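Shown next, in structure tokens, is the structure this report addresses.
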Amino acid sequence: LLCDGTKITFIALPGHHFGMTGVLVKTVSGKEVFFAADSIFDRDRMKKYWIPFLLDVGSFKMTLRRIVTLNADFLLPSHGTLLKNHEIESTAELNRYAVLTTEKDICTILKQPHTQEELLKIIFEQNKIPQRLGQYVLIGCTIRSYVSYLYRCGKIACQMKDNLLYWQTISQ
């Protein structure tokens with residue numbers, strides 16, 4: 001609590017990167033503004049980067065649910081425009097949809113066994129992502145995070161063949 005009555009709360013926002021923290025500010029007038037760091041991406045960013053950088057897919061999904069429950073009057077992501085209360089839930093839903101779509105795409109691709117590099121190549125081609133070093137590193141890390149998450153959830157399995165690691169969807 002600041003001397004003028006403004007209340008500041010720090011909130012852990014796991015998923016996008018290690019140790020990310022958001023700041024919820026309640027002003028003297030009672031309005032709440034949530035500075036959300038990279039825990040949510042606005043419509044314009046999602047349109048441009050459908051697969052945002054994530055280190056922990058499961059935590060990112062939980063963080064999106066938590067953001068909605070804050071019920072702040074405004075939300076300001078690090079990259080994007082100020083969201084009003086009525087826009088926060090639909091923006092979080094768009095982010096969740098992007099994650100679920102990417103999960104589904106990976107599971108569909110992995111109906112046939114593929115190495116990580118093969119999977120990444122197919123993801124780049126399907127999503128028309130420019131083949132630049134920066135995108136390769138960021139999307140590559142993100143797809144590895146998805147693979148790790150899907151493996152922990154029991155949706156995909158791996159096997160070694162000819163000194164290469166292959167991933168494949170588990171039949172359910």
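Convention: chains lettered A, B, ... in structure tokens order; per-chain residue numbering from 1; ligands numbered from 1 as shown.
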Please provide the set of residues having any atom within 7 Å of range 93-109 of chain A, restricted to only C-alpha atoms, with same-chain residues fewer than 4 positions apart removed, written as a PDB file with all heavy atoms, in the first residue's frame.
```pdb
ATOM      1  N   ILE A  40      -0.145 -12.607 -21.811  1.00  0.00           N
ATOM      2  CA  ILE A  40      -1.280 -12.614 -22.729  1.00  0.00           C
ATOM      3  C   ILE A  40      -0.902 -11.726 -23.906  1.00  0.00           C
ATOM      4  O   ILE A  40      -0.138 -10.768 -23.752  1.00  0.00           O
ATOM      5  CB  ILE A  40      -2.569 -12.114 -22.025  1.00  0.00           C
ATOM      6  CG1 ILE A  40      -3.797 -12.334 -22.905  1.00  0.00           C
ATOM      7  CG2 ILE A  40      -2.427 -10.687 -21.557  1.00  0.00           C
ATOM      8  CD1 ILE A  40      -5.118 -12.115 -22.163  1.00  0.00           C
ATOM      9  N   PHE A  41      -1.421 -12.074 -25.073  1.00  0.00           N
ATOM     10  CA  PHE A  41      -1.087 -11.335 -26.284  1.00  0.00           C
ATOM     11  C   PHE A  41      -2.374 -10.822 -26.914  1.00  0.00           C
ATOM     12  O   PHE A  41      -3.352 -11.560 -27.026  1.00  0.00           O
ATOM     13  CB  PHE A  41      -0.316 -12.230 -27.253  1.00  0.00           C
ATOM     14  CG  PHE A  41       0.939 -12.775 -26.631  1.00  0.00           C
ATOM     15  CD1 PHE A  41       0.945 -14.019 -26.010  1.00  0.00           C
ATOM     16  CD2 PHE A  41       2.103 -12.032 -26.624  1.00  0.00           C
ATOM     17  CE1 PHE A  41       2.090 -14.512 -25.402  1.00  0.00           C
ATOM     18  CE2 PHE A  41       3.257 -12.504 -26.017  1.00  0.00           C
ATOM     19  CZ  PHE A  41       3.246 -13.751 -25.410  1.00  0.00           C
ATOM     20  N   TRP A  50       0.912 -16.303 -34.429  1.00  0.00           N
ATOM     21  CA  TRP A  50      -0.069 -17.263 -33.922  1.00  0.00           C
ATOM     22  C   TRP A  50       0.532 -18.213 -32.897  1.00  0.00           C
ATOM     23  O   TRP A  50      -0.156 -18.709 -32.011  1.00  0.00           O
ATOM     24  CB  TRP A  50      -0.680 -18.040 -35.080  1.00  0.00           C
ATOM     25  CG  TRP A  50      -1.786 -18.955 -34.666  1.00  0.00           C
ATOM     26  CD1 TRP A  50      -1.780 -20.324 -34.700  1.00  0.00           C
ATOM     27  CD2 TRP A  50      -3.068 -18.588 -34.155  1.00  0.00           C
ATOM     28  NE1 TRP A  50      -2.969 -20.830 -34.243  1.00  0.00           N
ATOM     29  CE2 TRP A  50      -3.788 -19.767 -33.896  1.00  0.00           C
ATOM     30  CE3 TRP A  50      -3.687 -17.363 -33.869  1.00  0.00           C
ATOM     31  CZ2 TRP A  50      -5.077 -19.775 -33.382  1.00  0.00           C
ATOM     32  CZ3 TRP A  50      -4.973 -17.377 -33.365  1.00  0.00           C
ATOM     33  CH2 TRP A  50      -5.652 -18.577 -33.129  1.00  0.00           C
ATOM     34  N   ILE A  51       1.813 -18.468 -33.002  1.00  0.00           N
ATOM     35  CA  ILE A  51       2.493 -19.335 -32.045  1.00  0.00           C
ATOM     36  C   ILE A  51       3.448 -18.460 -31.238  1.00  0.00           C
ATOM     37  O   ILE A  51       4.600 -18.273 -31.607  1.00  0.00           O
ATOM     38  CB  ILE A  51       3.267 -20.477 -32.757  1.00  0.00           C
ATOM     39  CG1 ILE A  51       2.335 -21.283 -33.654  1.00  0.00           C
ATOM     40  CG2 ILE A  51       3.947 -21.384 -31.729  1.00  0.00           C
ATOM     41  CD1 ILE A  51       3.036 -22.332 -34.500  1.00  0.00           C
ATOM     42  N   LYS A  61      -1.396 -21.782 -19.887  1.00  0.00           N
ATOM     43  CA  LYS A  61      -2.848 -21.970 -19.892  1.00  0.00           C
ATOM     44  C   LYS A  61      -3.448 -21.634 -18.520  1.00  0.00           C
ATOM     45  O   LYS A  61      -4.495 -20.995 -18.439  1.00  0.00           O
ATOM     46  CB  LYS A  61      -3.202 -23.400 -20.316  1.00  0.00           C
ATOM     47  CG  LYS A  61      -2.896 -23.617 -21.796  1.00  0.00           C
ATOM     48  CD  LYS A  61      -3.101 -24.970 -22.408  1.00  0.00           C
ATOM     49  CE  LYS A  61      -3.573 -26.141 -21.737  1.00  0.00           C
ATOM     50  NZ  LYS A  61      -3.674 -27.341 -22.572  1.00  0.00           N
ATOM     51  N   GLU A  89     -11.452 -11.268 -21.299  1.00  0.00           N
ATOM     52  CA  GLU A  89     -11.816 -12.685 -21.403  1.00  0.00           C
ATOM     53  C   GLU A  89     -11.736 -13.190 -22.846  1.00  0.00           C
ATOM     54  O   GLU A  89     -11.213 -14.273 -23.098  1.00  0.00           O
ATOM     55  CB  GLU A  89     -13.210 -12.941 -20.833  1.00  0.00           C
ATOM     56  CG  GLU A  89     -13.522 -14.425 -20.773  1.00  0.00           C
ATOM     57  CD  GLU A  89     -14.774 -14.741 -19.978  1.00  0.00           C
ATOM     58  OE1 GLU A  89     -15.377 -13.837 -19.369  1.00  0.00           O
ATOM     59  OE2 GLU A  89     -15.153 -15.923 -19.969  1.00  0.00           O
ATOM     60  N   TYR A 146       6.071 -27.413 -26.288  1.00  0.00           N
ATOM     61  CA  TYR A 146       4.826 -28.142 -26.580  1.00  0.00           C
ATOM     62  C   TYR A 146       5.061 -29.647 -26.542  1.00  0.00           C
ATOM     63  O   TYR A 146       4.257 -30.383 -25.964  1.00  0.00           O
ATOM     64  CB  TYR A 146       4.274 -27.761 -27.957  1.00  0.00           C
ATOM     65  CG  TYR A 146       3.371 -26.558 -27.966  1.00  0.00           C
ATOM     66  CD1 TYR A 146       3.865 -25.299 -28.284  1.00  0.00           C
ATOM     67  CD2 TYR A 146       2.014 -26.684 -27.684  1.00  0.00           C
ATOM     68  CE1 TYR A 146       3.035 -24.191 -28.309  1.00  0.00           C
ATOM     69  CE2 TYR A 146       1.184 -25.574 -27.712  1.00  0.00           C
ATOM     70  CZ  TYR A 146       1.699 -24.339 -28.031  1.00  0.00           C
ATOM     71  OH  TYR A 146       0.873 -23.241 -28.050  1.00  0.00           O
ATOM     72  N   THR A 169       2.314 -39.517 -31.837  1.00  0.00           N
ATOM     73  CA  THR A 169       1.079 -39.463 -31.068  1.00  0.00           C
ATOM     74  C   THR A 169       0.735 -40.855 -30.555  1.00  0.00           C
ATOM     75  O   THR A 169       0.887 -41.847 -31.285  1.00  0.00           O
ATOM     76  CB  THR A 169      -0.064 -38.909 -31.944  1.00  0.00           C
ATOM     77  OG1 THR A 169       0.331 -37.641 -32.456  1.00  0.00           O
ATOM     78  CG2 THR A 169      -1.349 -38.762 -31.153  1.00  0.00           C
TER      79      THR A 169
END
```
Fill in: Residue list (helix (DSSP H, G or I), DSSP) for range 6-71 of chain A, as a ChimeraX atom specification
/A:43-48,57-70
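Nearest residue to Glu32 in chain A among A:Ser148, A:Gln116, A:Gln168, A:Asn85 is A:Asn85, counting only C-alpha atoms.
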Can you pull out every residue within 9 Å of range 70-77 of chain A, counting only C-alpha atoms, but drop anything in the same chain fewer than 5 positions away, and send it as a short mmCIF file (atom, residue, chain, number, x, y, z; two decimals) with all heavy atoms, in the first residue's frame?
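Contents of around_34.cif, as written:
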```cif
data_model
loop_
_atom_site.label_atom_id
_atom_site.label_comp_id
_atom_site.auth_asym_id
_atom_site.auth_seq_id
_atom_site.Cartn_x
_atom_site.Cartn_y
_atom_site.Cartn_z
N LEU A 24 -0.65 -5.73 -10.35
CA LEU A 24 -2.03 -5.26 -10.27
C LEU A 24 -2.04 -4.00 -9.41
O LEU A 24 -1.60 -4.03 -8.26
CB LEU A 24 -2.92 -6.34 -9.65
CG LEU A 24 -4.41 -6.01 -9.54
CD1 LEU A 24 -5.04 -5.82 -10.92
CD2 LEU A 24 -5.14 -7.10 -8.78
N LYS A 26 -4.34 -1.03 -7.81
CA LYS A 26 -5.68 -0.52 -7.48
C LYS A 26 -5.50 0.92 -7.05
O LYS A 26 -4.86 1.22 -6.04
CB LYS A 26 -6.32 -1.35 -6.36
CG LYS A 26 -7.76 -0.93 -6.09
CD LYS A 26 -8.45 -1.88 -5.14
CE LYS A 26 -9.91 -1.50 -5.01
NZ LYS A 26 -10.62 -2.46 -4.15
N LYS A 31 -10.22 1.95 -9.34
CA LYS A 31 -9.96 1.30 -10.63
C LYS A 31 -8.76 0.38 -10.51
O LYS A 31 -7.78 0.70 -9.82
CB LYS A 31 -9.69 2.34 -11.73
CG LYS A 31 -10.87 3.21 -12.08
CD LYS A 31 -11.88 2.44 -12.88
CE LYS A 31 -13.00 3.36 -13.32
NZ LYS A 31 -14.09 2.63 -13.91
N GLU A 32 -8.82 -0.77 -11.20
CA GLU A 32 -7.71 -1.72 -11.19
C GLU A 32 -7.12 -1.84 -12.59
O GLU A 32 -7.85 -2.06 -13.56
CB GLU A 32 -8.17 -3.09 -10.71
CG GLU A 32 -8.50 -3.11 -9.24
CD GLU A 32 -8.81 -4.51 -8.73
OE1 GLU A 32 -9.31 -5.34 -9.52
OE2 GLU A 32 -8.53 -4.77 -7.55
N VAL A 33 -5.80 -1.71 -12.65
CA VAL A 33 -5.06 -1.87 -13.89
C VAL A 33 -4.07 -3.00 -13.67
O VAL A 33 -3.31 -2.99 -12.69
CB VAL A 33 -4.31 -0.58 -14.28
CG1 VAL A 33 -3.55 -0.78 -15.58
CG2 VAL A 33 -5.27 0.60 -14.38
N PHE A 34 -4.09 -3.98 -14.58
CA PHE A 34 -3.18 -5.11 -14.48
C PHE A 34 -2.12 -4.98 -15.57
O PHE A 34 -2.44 -4.99 -16.75
CB PHE A 34 -3.93 -6.43 -14.61
CG PHE A 34 -3.05 -7.63 -14.44
CD1 PHE A 34 -2.26 -7.78 -13.31
CD2 PHE A 34 -3.01 -8.62 -15.41
CE1 PHE A 34 -1.44 -8.88 -13.15
CE2 PHE A 34 -2.20 -9.73 -15.25
CZ PHE A 34 -1.41 -9.86 -14.12
N PHE A 35 -0.87 -4.83 -15.15
CA PHE A 35 0.26 -4.81 -16.06
C PHE A 35 0.70 -6.27 -16.22
O PHE A 35 1.30 -6.84 -15.31
CB PHE A 35 1.38 -3.92 -15.52
CG PHE A 35 0.97 -2.47 -15.43
CD1 PHE A 35 0.38 -1.97 -14.27
CD2 PHE A 35 1.14 -1.62 -16.51
CE1 PHE A 35 -0.03 -0.65 -14.17
CE2 PHE A 35 0.74 -0.29 -16.43
CZ PHE A 35 0.16 0.19 -15.26
N ALA A 36 0.37 -6.85 -17.37
CA ALA A 36 0.39 -8.31 -17.53
C ALA A 36 1.67 -8.89 -18.12
O ALA A 36 1.72 -10.09 -18.39
CB ALA A 36 -0.80 -8.72 -18.40
N ALA A 37 2.68 -8.08 -18.33
CA ALA A 37 3.94 -8.57 -18.93
C ALA A 37 3.61 -9.33 -20.22
O ALA A 37 2.78 -8.88 -21.00
CB ALA A 37 4.71 -9.41 -17.93
N ASP A 38 4.25 -10.48 -20.44
CA ASP A 38 4.00 -11.29 -21.65
C ASP A 38 3.13 -12.50 -21.35
O ASP A 38 3.30 -13.57 -21.92
CB ASP A 38 5.32 -11.76 -22.26
CG ASP A 38 6.10 -10.64 -22.91
OD1 ASP A 38 5.48 -9.64 -23.32
OD2 ASP A 38 7.33 -10.76 -23.03
N SER A 39 2.16 -12.33 -20.45
CA SER A 39 1.31 -13.44 -20.06
C SER A 39 0.09 -13.58 -20.95
O SER A 39 -0.65 -14.57 -20.87
CB SER A 39 0.85 -13.28 -18.62
OG SER A 39 0.07 -12.10 -18.49
N ILE A 40 -0.15 -12.61 -21.81
CA ILE A 40 -1.28 -12.61 -22.73
C ILE A 40 -0.90 -11.73 -23.91
O ILE A 40 -0.14 -10.77 -23.75
CB ILE A 40 -2.57 -12.11 -22.03
CG1 ILE A 40 -3.80 -12.33 -22.90
CG2 ILE A 40 -2.43 -10.69 -21.56
CD1 ILE A 40 -5.12 -12.11 -22.16
N PHE A 41 -1.42 -12.07 -25.07
CA PHE A 41 -1.09 -11.33 -26.28
C PHE A 41 -2.37 -10.82 -26.91
O PHE A 41 -3.35 -11.56 -27.03
CB PHE A 41 -0.32 -12.23 -27.25
CG PHE A 41 0.94 -12.77 -26.63
CD1 PHE A 41 0.94 -14.02 -26.01
CD2 PHE A 41 2.10 -12.03 -26.62
CE1 PHE A 41 2.09 -14.51 -25.40
CE2 PHE A 41 3.26 -12.50 -26.02
CZ PHE A 41 3.25 -13.75 -25.41
N ASP A 42 -2.37 -9.55 -27.33
CA ASP A 42 -3.59 -8.97 -27.89
C ASP A 42 -3.86 -9.54 -29.29
O ASP A 42 -3.06 -10.28 -29.85
CB ASP A 42 -3.54 -7.44 -27.88
CG ASP A 42 -2.57 -6.84 -28.89
OD1 ASP A 42 -1.95 -7.57 -29.68
OD2 ASP A 42 -2.44 -5.60 -28.88
N LEU A 82 -3.86 -1.45 -24.72
CA LEU A 82 -4.60 -1.51 -23.47
C LEU A 82 -5.95 -2.19 -23.73
O LEU A 82 -6.68 -1.83 -24.65
CB LEU A 82 -4.83 -0.10 -22.93
CG LEU A 82 -5.56 0.00 -21.60
CD1 LEU A 82 -4.67 -0.51 -20.46
CD2 LEU A 82 -5.98 1.45 -21.34
N LEU A 83 -6.27 -3.19 -22.89
CA LEU A 83 -7.55 -3.89 -23.00
C LEU A 83 -8.47 -3.42 -21.90
O LEU A 83 -8.06 -3.28 -20.74
CB LEU A 83 -7.34 -5.40 -22.86
CG LEU A 83 -6.42 -6.07 -23.88
CD1 LEU A 83 -6.21 -7.53 -23.51
CD2 LEU A 83 -6.99 -5.95 -25.28
N LYS A 84 -9.71 -3.20 -22.25
CA LYS A 84 -10.73 -2.87 -21.26
C LYS A 84 -11.29 -4.17 -20.70
O LYS A 84 -11.17 -5.22 -21.32
CB LYS A 84 -11.83 -2.03 -21.90
CG LYS A 84 -11.32 -0.68 -22.37
CD LYS A 84 -12.39 0.10 -23.08
CE LYS A 84 -11.78 1.40 -23.58
NZ LYS A 84 -12.62 2.07 -24.56
N ASN A 85 -11.94 -4.09 -19.54
CA ASN A 85 -12.44 -5.27 -18.84
C ASN A 85 -13.20 -6.21 -19.76
O ASN A 85 -12.98 -7.42 -19.74
CB ASN A 85 -13.32 -4.84 -17.66
CG ASN A 85 -13.91 -6.04 -16.95
OD1 ASN A 85 -14.92 -6.55 -17.37
ND2 ASN A 85 -13.26 -6.47 -15.89
N HIS A 86 -14.10 -5.68 -20.59
CA HIS A 86 -14.93 -6.53 -21.45
C HIS A 86 -14.13 -7.21 -22.57
O HIS A 86 -14.65 -8.11 -23.22
CB HIS A 86 -16.12 -5.75 -22.02
CG HIS A 86 -15.72 -4.68 -23.00
ND1 HIS A 86 -15.31 -3.42 -22.61
CD2 HIS A 86 -15.65 -4.71 -24.34
CE1 HIS A 86 -15.02 -2.71 -23.69
NE2 HIS A 86 -15.22 -3.46 -24.75
N GLU A 87 -12.89 -6.82 -22.79
CA GLU A 87 -12.05 -7.42 -23.83
C GLU A 87 -11.10 -8.50 -23.29
O GLU A 87 -10.54 -9.28 -24.06
CB GLU A 87 -11.20 -6.34 -24.52
CG GLU A 87 -12.00 -5.24 -25.17
CD GLU A 87 -11.13 -4.08 -25.60
OE1 GLU A 87 -10.44 -3.49 -24.74
OE2 GLU A 87 -11.14 -3.78 -26.82
N ILE A 88 -10.90 -8.53 -21.99
CA ILE A 88 -9.88 -9.40 -21.40
C ILE A 88 -10.23 -10.87 -21.60
O ILE A 88 -9.39 -11.66 -22.05
CB ILE A 88 -9.66 -9.06 -19.91
CG1 ILE A 88 -9.11 -7.64 -19.78
CG2 ILE A 88 -8.73 -10.08 -19.26
CD1 ILE A 88 -9.07 -7.10 -18.36
#
```
Worksheet item: Out of A:Met20, A:Cys158, A:Leu119, A:Leu110, which residue has the shortest atom-to-atom distance to Ile143 in chain A when counting only C-alpha atoms?
Response: A:Leu119
Practice prompt. Write out as a PyMOL selection string the residues lying within 8 Å of Tyr149 in chain A, counting only C-alpha atoms and excluding same-chain residues fewer than 3 positions away.
Written response: chain A and resi 56-58+145-146+152-153
Item to complete: Name the residues of chain A that come out as strand (DSSP E) in a backbone DSSP run; write them as a PyMOL selection string.
Response: chain A and resi 7-12+21-26+32-37+74-77+83-84+156-161+164-169
I want to know what sits within 6 Å of Leu54 in chain A, based on only C-alpha atoms, with residues of the same chain fewer than 2 positions away left out; could you give that as a PDB file with C-alpha atoms, in the first residue's frame?
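around-v4.pdb written:
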```
ATOM      1  CA  GLY A  15       4.374 -19.875 -18.853  1.00  0.00           C
ATOM      2  CA  HIS A  16       5.965 -17.402 -21.229  1.00  0.00           C
ATOM      3  CA  ASP A  56       5.782 -23.889 -20.227  1.00  0.00           C
ATOM      4  CA  THR A 142       8.336 -23.095 -28.201  1.00  0.00           C
TER       5      THR A 142
END
```
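Between His114 in chain A and the candidates A:Thr91, A:Gln159, A:Thr27, A:Thr6, the tightest atom-to-atom separation, counting only C-alpha atoms, involves A:Gln159.
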Fill in: Close residues, Lys121 in chain A itself excluded, 12 Å, only C-alpha atoms, min 4 positions apart in chain, as a count of residues only
18
Worksheet item: What does the distance from CA of Phe60 in chain A to CA of Pro14 in chain A come to in Å, to one decimal?
Response: 6.1 Å
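The shortest atom-to-atom distance to Trp167 in chain A, with only C-alpha atoms taken into account, belongs to A:Lys111 out of A:Lys111, A:Cys141, A:Ile122, A:Leu133.
Across the model, the gap from CA of Pro52 in chain A to CA of Gly80 in chain A is 13.1 Å.
Here the question is which of A:Arg66, A:Arg144, A:Lys7, A:Arg132 gets nearest to Phe53 in chain A using only C-alpha atoms, and that residue is A:Arg144.
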Discussion item. What does the structure give for the distance between CA of Thr21 in chain A and CA of Leu64 in chain A, in Å to one decimal?
Written reply: 13.3 Å
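Proximity of A:Val25, A:Ile67, A:Leu164, A:Ile156 to Ala12 in chain A, computed with only C-alpha atoms, is greatest for A:Ile67.
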